[in-house]
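Student: The structure that follows is given in the form of structure tokens.
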Amino acid sequence: MAFSAPQLEIGPEQLAEWLHAGDVVLIDVREPYEWEAGRIDGARHIELERLASNAETIPRDRPVVFSCRLGARSALAAQAFRASGWDAWSLRGGLTLWHDQGLPIVPDGGYVADH
């Protein structure tokens with residue numbers, strides 16, 4: 001079951017629109033093996049445990065969306081970054097819901113790895 005934090009979340013459709021418009025920074029906080037299995041095109045990979053040390057490399061001038069497999073890890077990241085002044089969001093349902101809704105992941109043949 002997916003994690004839910006409605007005040008911090010955007011849906012896959014909204015993220016797809018923002019990505020298409022180039023109006024968002026997407027950060028995938030999963031483990032390296034999860035990232036290699038499949039990801040949203042255009043995402044930047046920063047493992048959750050490395051976010052704090054990379055915070056100043058994440059732009060503040062546009063929304064930042066964090067993604068993970070189901071939404072729990074990304075919600076933690078979004079909450080922390082929002083508290084520190086970013087316009088931060090979590091992808092509702094994570095990469096699992098994104099993929100379940102037929103939205104693309106890369107590379108070809110990519111899949112959502114178990115955590």
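Here's how to read the names in the structure tokens: chain A, B, ... by the order shown, residue numbers from 1 in each chain, ligand numbers from 1 in the order shown.
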From chain A, collect each residue whose DSSP state is strand (DSSP E or B) and return the set as number ranges by chain.
Tutor: A: 9-10, 25-28, 39, 44-45, 64-67, 88-91, 106
Student: How would the residues just chosen look if you wrote them out with N, CA and C atoms as an mmCIF file, in the first residue's frame?
Tutor:
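Once everything was written out, this is selection.cif:
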data_model
loop_
_atom_site.group_PDB
_atom_site.id
_atom_site.type_symbol
_atom_site.label_atom_id
_atom_site.label_comp_id
_atom_site.auth_asym_id
_atom_site.auth_seq_id
_atom_site.Cartn_x
_atom_site.Cartn_y
_atom_site.Cartn_z
ATOM 1 N N GLU A 9 1.764 16.214 -1.428
ATOM 2 C CA GLU A 9 1.814 15.383 -2.632
ATOM 3 C C GLU A 9 1.276 16.064 -3.887
ATOM 4 N N ILE A 10 1.864 15.656 -5.013
ATOM 5 C CA ILE A 10 1.277 15.934 -6.314
ATOM 6 C C ILE A 10 1.115 14.579 -7.000
ATOM 7 N N VAL A 25 12.125 20.457 -10.760
ATOM 8 C CA VAL A 25 13.305 19.629 -10.528
ATOM 9 C C VAL A 25 12.788 18.344 -9.904
ATOM 10 N N LEU A 26 13.127 17.206 -10.493
ATOM 11 C CA LEU A 26 12.697 15.911 -9.981
ATOM 12 C C LEU A 26 13.899 15.188 -9.391
ATOM 13 N N ILE A 27 13.782 14.827 -8.112
ATOM 14 C CA ILE A 27 14.849 14.130 -7.396
ATOM 15 C C ILE A 27 14.337 12.752 -6.986
ATOM 16 N N ASP A 28 15.010 11.718 -7.438
ATOM 17 C CA ASP A 28 14.688 10.334 -7.082
ATOM 18 C C ASP A 28 15.559 9.959 -5.889
ATOM 19 N N ARG A 39 13.389 4.410 -13.862
ATOM 20 C CA ARG A 39 13.228 5.743 -13.290
ATOM 21 C C ARG A 39 12.453 6.628 -14.263
ATOM 22 N N ARG A 44 16.889 13.382 -11.313
ATOM 23 C CA ARG A 44 18.248 13.380 -10.773
ATOM 24 C C ARG A 44 18.259 12.408 -9.604
ATOM 25 N N HIS A 45 19.294 11.612 -9.496
ATOM 26 C CA HIS A 45 19.363 10.626 -8.418
ATOM 27 C C HIS A 45 20.200 11.155 -7.264
ATOM 28 N N VAL A 64 10.383 21.550 -6.445
ATOM 29 C CA VAL A 64 11.190 20.335 -6.386
ATOM 30 C C VAL A 64 10.245 19.200 -6.004
ATOM 31 N N VAL A 65 10.253 18.142 -6.808
ATOM 32 C CA VAL A 65 9.439 16.966 -6.510
ATOM 33 C C VAL A 65 10.381 15.816 -6.204
ATOM 34 N N PHE A 66 10.144 15.166 -5.080
ATOM 35 C CA PHE A 66 10.915 13.992 -4.691
ATOM 36 C C PHE A 66 10.100 12.753 -5.031
ATOM 37 N N SER A 67 10.775 11.717 -5.497
ATOM 38 C CA SER A 67 10.084 10.464 -5.807
ATOM 39 C C SER A 67 10.838 9.288 -5.207
ATOM 40 N N ALA A 88 8.649 22.281 -2.053
ATOM 41 C CA ALA A 88 8.931 20.850 -2.159
ATOM 42 C C ALA A 88 7.668 20.007 -2.120
ATOM 43 N N TRP A 89 7.681 18.942 -2.924
ATOM 44 C CA TRP A 89 6.544 18.039 -3.079
ATOM 45 C C TRP A 89 7.021 16.601 -3.142
ATOM 46 N N SER A 90 6.091 15.698 -2.899
ATOM 47 C CA SER A 90 6.334 14.257 -3.011
ATOM 48 C C SER A 90 5.407 13.705 -4.084
ATOM 49 N N LEU A 91 5.917 12.799 -4.896
ATOM 50 C CA LEU A 91 5.101 12.145 -5.918
ATOM 51 C C LEU A 91 4.170 11.140 -5.250
ATOM 52 N N VAL A 106 12.366 4.906 -17.825
ATOM 53 C CA VAL A 106 13.550 4.554 -18.600
ATOM 54 C C VAL A 106 14.452 3.716 -17.709
#
Student: Write out as a ChimeraX atom specification each polymer residue whose atoms come within 10 Å of Trp35 in chain A, counting only C-alpha atoms; drop sequence neighbours fewer than 2 positions from it.
Tutor: /A:28-33,37-40,43-47,68-69,106,110-113
Student: Which of these residues is nearest to Gly102 in chain A, using only C-alpha atoms: A:Pro59, A:Gly22, A:Pro6, A:Pro12?
Tutor: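 Under the stated criterion, the closest residue is A:Pro12.
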Student: Measure the distance from CA of Thr96 in chain A to CA of Pro63 in chain A in Å and round it to one decimal.
Tutor: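 Going from CA of Thr96 in chain A over to CA of Pro63 in chain A covers 21.4 Å.
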Student: In terms of the shortest atom-to-atom distance over only C-alpha atoms, which of A:Leu51, A:Gln14, A:Val24, A:Gly42 is closest to Leu76 in chain A?
Tutor: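 Closest to Leu76 in chain A, using only C-alpha atoms: A:Leu51.
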Student: Select, from A:Arg73, A:His99, A:His20, A:Trp86, the residue with the minimum atom-to-atom distance to His115 in chain A, counting only C-alpha atoms.
Tutor: A:Arg73
Student: Run DSSP on the backbone and grab whatever in range 4-40 of chain A lands in helix (DSSP H, G or I); send it over as a list of chain:residue names.
Tutor: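 Selecting the helix (DSSP H, G or I) positions of range 4-40 of chain A gives A:Pro6, A:Gln7, A:Leu8, A:Pro12, A:Glu13, A:Gln14, A:Leu15, A:Ala16, A:Glu17, A:Trp18, A:Leu19, A:His20, A:Ala21, A:Pro32, A:Tyr33, A:Glu34, A:Trp35, A:Glu36, A:Ala37.
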Student: As an exercise, work out the distance from CA of Glu13 in chain A to CA of Ala83 in chain A in Å and give it to one decimal place.
Tutor: 25.0 Å
Student: Between A:Asp23, A:Asp114, A:Glu49, A:Gly94, single out the one closest to Gly71 in chain A, counting only C-alpha atoms.
Tutor: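 Ranking A:Asp23, A:Asp114, A:Glu49, A:Gly94 by distance to Gly71 in chain A, first place goes to A:Gly94.
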Student: A:Leu19, A:Ala78, A:Leu8, A:Leu70: which is nearest Ala55 in chain A, counting only C-alpha atoms?
Tutor: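 Smallest separation from Ala55 in chain A among the options: A:Ala78.
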Student: Between A:Ala75, A:Arg62, A:Pro107, A:Ala80, which residue has the minimum interatomic distance to Arg92 in chain A, considering only C-alpha atoms?
Tutor: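 Looking at the shortest contact to Arg92 in chain A, the residue is A:Ala75.
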